[in-house]
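Structure below is my_file39.txt: compact mmCIF, C-alpha atoms.
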# COMPACT_ATOMS: atom_id res chain seq x y z
CA MET H 1 -63.84 80.72 7.88
CA ASP H 2 -60.69 80.52 5.75
CA LEU H 3 -61.29 81.92 2.27
CA ARG H 4 -57.76 81.38 0.99
CA THR H 5 -57.25 79.14 -2.01
CA ARG H 6 -54.89 76.26 -1.30
CA ILE H 7 -52.87 75.14 -4.29
CA ALA H 8 -50.55 72.15 -4.49
CA LEU H 9 -47.93 71.70 -7.21
CA ILE H 10 -46.58 68.16 -7.23
CA GLY H 11 -43.74 66.83 -9.34
CA LEU H 12 -44.35 63.10 -9.74
CA GLY H 13 -41.45 60.88 -10.74
CA SER H 14 -37.79 60.45 -9.87
CA ASP H 15 -34.80 62.69 -10.37
CA SER H 16 -32.55 59.64 -10.70
CA ARG H 17 -34.17 58.25 -13.88
CA ARG H 18 -33.36 60.96 -16.44
CA ASP H 19 -36.60 62.23 -18.08
CA ASP H 20 -38.71 60.79 -15.26
CA GLY H 21 -37.47 63.81 -13.29
CA VAL H 22 -39.29 66.40 -15.43
CA GLY H 23 -41.96 66.94 -12.76
CA TRP H 24 -39.32 67.58 -10.13
CA ALA H 25 -37.52 69.98 -12.50
CA VAL H 26 -40.73 71.97 -13.07
CA VAL H 27 -41.28 72.26 -9.30
CA ASP H 28 -37.69 73.51 -8.95
CA ALA H 29 -38.23 76.03 -11.77
CA VAL H 30 -41.40 77.40 -10.13
CA ARG H 31 -39.52 77.62 -6.81
CA GLU H 32 -36.68 79.55 -8.47
CA ARG H 33 -39.12 81.90 -10.23
CA ALA H 34 -40.76 82.59 -6.86
CA VAL H 35 -37.57 84.31 -5.70
CA GLU H 36 -38.44 87.26 -7.96
CA ARG H 37 -42.23 86.88 -7.85
CA PRO H 38 -43.10 85.31 -4.49
CA LEU H 39 -45.96 82.86 -4.36
CA PRO H 40 -48.64 83.21 -1.68
CA PRO H 41 -48.14 81.00 1.38
CA GLU H 42 -51.16 78.91 0.30
CA VAL H 43 -49.09 77.37 -2.50
CA ASP H 44 -47.37 74.12 -1.58
CA LEU H 45 -44.53 72.84 -3.77
CA ALA H 46 -43.72 69.16 -3.37
CA THR H 47 -42.29 66.12 -5.09
CA CYS H 48 -43.46 62.53 -4.94
CA ASP H 49 -41.51 59.46 -5.97
CA GLY H 50 -44.51 57.34 -6.87
CA ASP H 51 -46.19 56.42 -3.60
CA SER H 52 -49.95 56.68 -4.26
CA ALA H 53 -50.83 57.28 -0.61
CA ARG H 54 -48.27 60.10 -0.37
CA LEU H 55 -49.73 61.67 -3.50
CA VAL H 56 -53.21 61.61 -1.90
CA GLY H 57 -51.76 63.26 1.21
CA LEU H 58 -50.10 65.99 -0.83
CA TRP H 59 -53.23 67.03 -2.70
CA HIS H 60 -56.06 66.48 -0.22
CA ASP H 61 -57.80 69.67 0.92
CA ALA H 62 -56.38 71.57 -2.06
CA ASP H 63 -58.67 73.72 -4.16
CA LEU H 64 -56.31 73.09 -7.07
CA ALA H 65 -53.66 70.39 -7.43
CA VAL H 66 -51.34 70.44 -10.42
CA VAL H 67 -49.32 67.28 -11.04
CA VAL H 68 -46.46 67.26 -13.52
CA THR H 69 -45.21 63.85 -14.56
CA SER H 70 -43.47 62.09 -17.40
CA THR H 71 -45.01 59.51 -19.63
CA HIS H 72 -43.60 57.19 -22.23
CA ALA H 73 -45.68 56.35 -25.27
CA TYR H 74 -44.63 54.19 -28.16
CA PRO H 75 -44.14 55.52 -30.70
CA GLY H 76 -43.48 58.65 -28.75
CA GLU H 77 -43.05 62.34 -29.32
CA PRO H 78 -40.46 63.34 -26.69
CA GLY H 79 -41.27 66.73 -25.25
CA ARG H 80 -44.96 66.60 -26.13
CA VAL H 81 -47.06 67.95 -23.25
CA VAL H 82 -50.61 66.77 -22.70
CA ARG H 83 -52.89 68.49 -20.19
CA GLY H 84 -55.74 66.62 -18.54
CA GLU H 85 -58.18 67.66 -15.86
CA PHE H 86 -60.04 65.35 -13.51
CA ARG H 87 -63.62 66.03 -12.54
CA ALA H 88 -64.78 66.06 -8.94
CA ASP H 89 -65.97 62.45 -9.26
CA GLY H 90 -62.45 61.33 -10.22
CA THR H 91 -63.14 60.72 -13.89
CA ALA H 92 -61.18 62.45 -16.59
CA PRO H 93 -62.38 63.60 -19.94
CA ALA H 94 -60.81 61.61 -22.73
CA VAL H 95 -57.54 63.17 -23.87
CA ARG H 96 -56.11 61.60 -26.99
CA GLY H 97 -52.65 60.18 -26.47
CA GLU H 98 -52.52 60.60 -22.71
CA PRO H 99 -51.58 57.39 -20.94
CA HIS H 100 -52.22 57.76 -17.21
CA SER H 101 -49.60 56.20 -15.02
CA ARG H 102 -50.58 53.44 -12.63
CA VAL H 103 -49.57 55.57 -9.62
CA LEU H 104 -51.70 58.51 -10.71
CA SER H 105 -54.69 56.28 -11.47
CA GLU H 106 -54.40 54.55 -8.08
CA ALA H 107 -54.11 57.87 -6.25
CA VAL H 108 -57.17 59.31 -8.01
CA GLU H 109 -59.23 56.21 -7.23
CA LEU H 110 -58.09 56.16 -3.59
CA SER H 111 -58.86 59.89 -3.26
CA ARG H 112 -62.28 59.39 -4.78
CA LEU H 113 -63.09 56.57 -2.36
CA LEU H 114 -61.85 58.57 0.64
CA GLY H 115 -63.44 61.83 -0.46
CA ARG H 116 -60.02 63.48 -0.71
CA LEU H 117 -59.89 64.65 -4.31
CA PRO H 118 -58.88 68.28 -4.69
CA GLY H 119 -61.43 70.74 -6.06
CA ARG H 120 -59.60 70.61 -9.40
CA LEU H 121 -56.87 68.20 -10.40
CA VAL H 122 -54.83 69.18 -13.44
CA VAL H 123 -52.20 66.82 -14.82
CA TYR H 124 -49.44 67.76 -17.22
CA ALA H 125 -47.94 64.62 -18.76
CA VAL H 126 -44.70 65.13 -20.67
CA GLN H 127 -43.54 62.44 -23.07
CA GLY H 128 -39.99 61.47 -22.22
CA ALA H 129 -37.28 59.85 -24.26
CA ASP H 130 -34.83 58.50 -21.70
CA SER H 131 -35.80 56.78 -18.44
CA SER H 132 -32.44 55.14 -17.83
CA LEU H 133 -30.69 55.47 -14.49
CA GLY H 134 -28.87 58.74 -13.96
CA ALA H 135 -29.43 62.40 -13.27
CA GLY H 136 -30.36 65.10 -15.73
CA LEU H 137 -33.03 65.47 -18.38
CA SER H 138 -32.59 64.84 -22.07
CA PRO H 139 -32.08 68.10 -24.03
CA THR H 140 -35.61 67.83 -25.42
CA LEU H 141 -37.23 67.67 -21.99
CA ALA H 142 -34.85 70.24 -20.48
CA ALA H 143 -36.19 72.69 -23.08
CA VAL H 144 -39.78 72.04 -21.91
CA VAL H 145 -39.20 72.88 -18.22
CA GLU H 146 -39.37 76.70 -18.31
CA PRO H 147 -42.39 76.96 -20.65
CA LEU H 148 -44.19 74.34 -18.56
CA ALA H 149 -43.39 76.25 -15.35
CA GLY H 150 -45.12 79.22 -16.99
CA CYS H 151 -48.15 77.06 -17.79
CA VAL H 152 -48.32 75.92 -14.18
CA GLU H 153 -48.20 79.53 -12.96
CA ARG H 154 -51.08 80.36 -15.32
CA GLU H 155 -53.08 77.53 -13.69
CA PHE H 156 -52.48 79.27 -10.34
CA VAL H 157 -53.69 82.60 -11.73
CA ARG H 158 -56.76 80.94 -13.25
CA GLU H 159 -57.61 79.49 -9.83
CA TRP H 160 -57.04 82.73 -7.89
CA ALA H 161 -59.03 84.88 -10.30
CA GLN H 162 -61.78 82.75 -11.77
CA GLU H 163 -62.89 85.63 -13.95
CA ALA H 164 -59.39 86.33 -15.28
CA VAL H 165 -58.79 85.63 -18.93
CA VAL H 166 -55.71 83.42 -19.03
CA GLY H 167 -54.53 82.16 -22.38
CA PRO H 168 -53.82 78.50 -23.00
CA CYS H 169 -50.31 77.15 -22.79
CA PRO H 170 -48.50 76.74 -26.07
CA PRO H 171 -48.34 73.15 -27.36
As structure tokens, how would this structure be written, given the file I've shared?
Amino acid sequence: MDLRTRIALIGLGSDSRRDDGVGWAVVDAVRERAVERPLPPEVDLATCDGDSARLVGLWHDADLAVVVTSTHAYPGEPGRVVRGEFRADGTAPAVRGEPHSRVLSEAVELSRLLGRLPGRLVVYAVQGADSSLGAGLSPTLAAVVEPLAGCVEREFVREWAQEAVVGPCPP
């Protein structure tokens, strides 16, 4: 019996639409941080460009899946991070101001129907300012990447050591 905890970190979006690439940038930041503090082999780092079925494939069989994505709300607060967690039945507690993307909603519903939801599904939605074509994040979202990578790592620690006291991420 395998007692290891499988964790999937998934950056959802596109690195060719400015702030839509924040999820990919957080995955890259976690990967770079792992050079100094290696992650266990049970941690999978991946990106997804918005294919719901691929998203399901990336998180199925995971004890914890963390998805980082951008969102655009009007009026918006660029750089605002909202954390949501899905329950095992695929429903999410109400989180004020968190619009779920169509792709994420479809993937959660498909996973629920197929019995492929991860044990825990945590979503970090970052409000973006610029989704125009091109590479690179706006300065506001670029400043969010490192702190958010730290938040993601704390999610990993929380999963590995259920009894560990891990402080919340700063707003």
*For atom CA of Gly50 of chain H and atom CA of Val35 of chain H, quote the distance in Å rounded to one decimal.*
27.9 Å
Counting all atoms listed in the file, which residues of segment 14-100 of chain H sit at most 10 Å from some atom of segment 137-146 of chain H, and what is each one's closest atom pair with its distance in Å to one decimal, listed by chain and rising residue number, as CSV?
residue,atom,partner,partner_atom,distance
H:Asp15,CA,H:Leu137,CA,8.7
H:Ser16,CA,H:Leu137,CA,9.7
H:Arg17,CA,H:Leu137,CA,8.6
H:Arg18,CA,H:Leu137,CA,4.9
H:Asp19,CA,H:Leu137,CA,4.8
H:Asp20,CA,H:Leu137,CA,8.0
H:Gly21,CA,H:Leu137,CA,7.0
H:Val22,CA,H:Leu137,CA,7.0
H:Gly23,CA,H:Val145,CA,8.5
H:Trp24,CA,H:Val145,CA,9.7
H:Ala25,CA,H:Val145,CA,6.6
H:Val26,CA,H:Val145,CA,5.4
H:Val27,CA,H:Val145,CA,9.2
H:Asp28,CA,H:Val145,CA,9.4
H:Ala29,CA,H:Glu146,CA,6.7
H:Val30,CA,H:Glu146,CA,8.5
H:Arg33,CA,H:Glu146,CA,9.6
H:Ser70,CA,H:Leu141,CA,9.5
H:Pro78,CA,H:Thr140,CA,6.7
H:Gly79,CA,H:Leu141,CA,5.3
H:Arg80,CA,H:Val144,CA,8.6
H:Val81,CA,H:Val144,CA,8.5
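Using only C-alpha atoms, the smallest distance between any of H:Arg102, H:Arg31, H:Arg37, H:Arg120 and Asp63 of chain H comes from H:Arg120.
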*asked:* So the first atom is atom CA of Leu58 of chain H and the second is atom CA of Gln127 of chain H; what is the distance between them in Å, to one decimal place?
replied: 23.5 Å
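When all atoms listed in the file are used to compute distances to Val68 of chain H, the closest of the residues H:Ala53, H:Ala107, H:Leu12, H:Val43 turns out to be H:Leu12.
The nearest approach to Gly128 of chain H among the residues H:Val56, H:Ala62, H:Ile10, H:Val82, with all atoms listed in the file taken into account, belongs to H:Val82.
Here the question is which of H:Leu110, H:Leu55, H:Ala46, H:Cys151 gets nearest to Tyr124 of chain H using all atoms listed in the file, and that residue is H:Cys151.
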*Would you mind reading off the distance between atom CA of Glu159 of chain H and atom CA of Glu85 of chain H, one decimal, in Å?*
13.3 Å
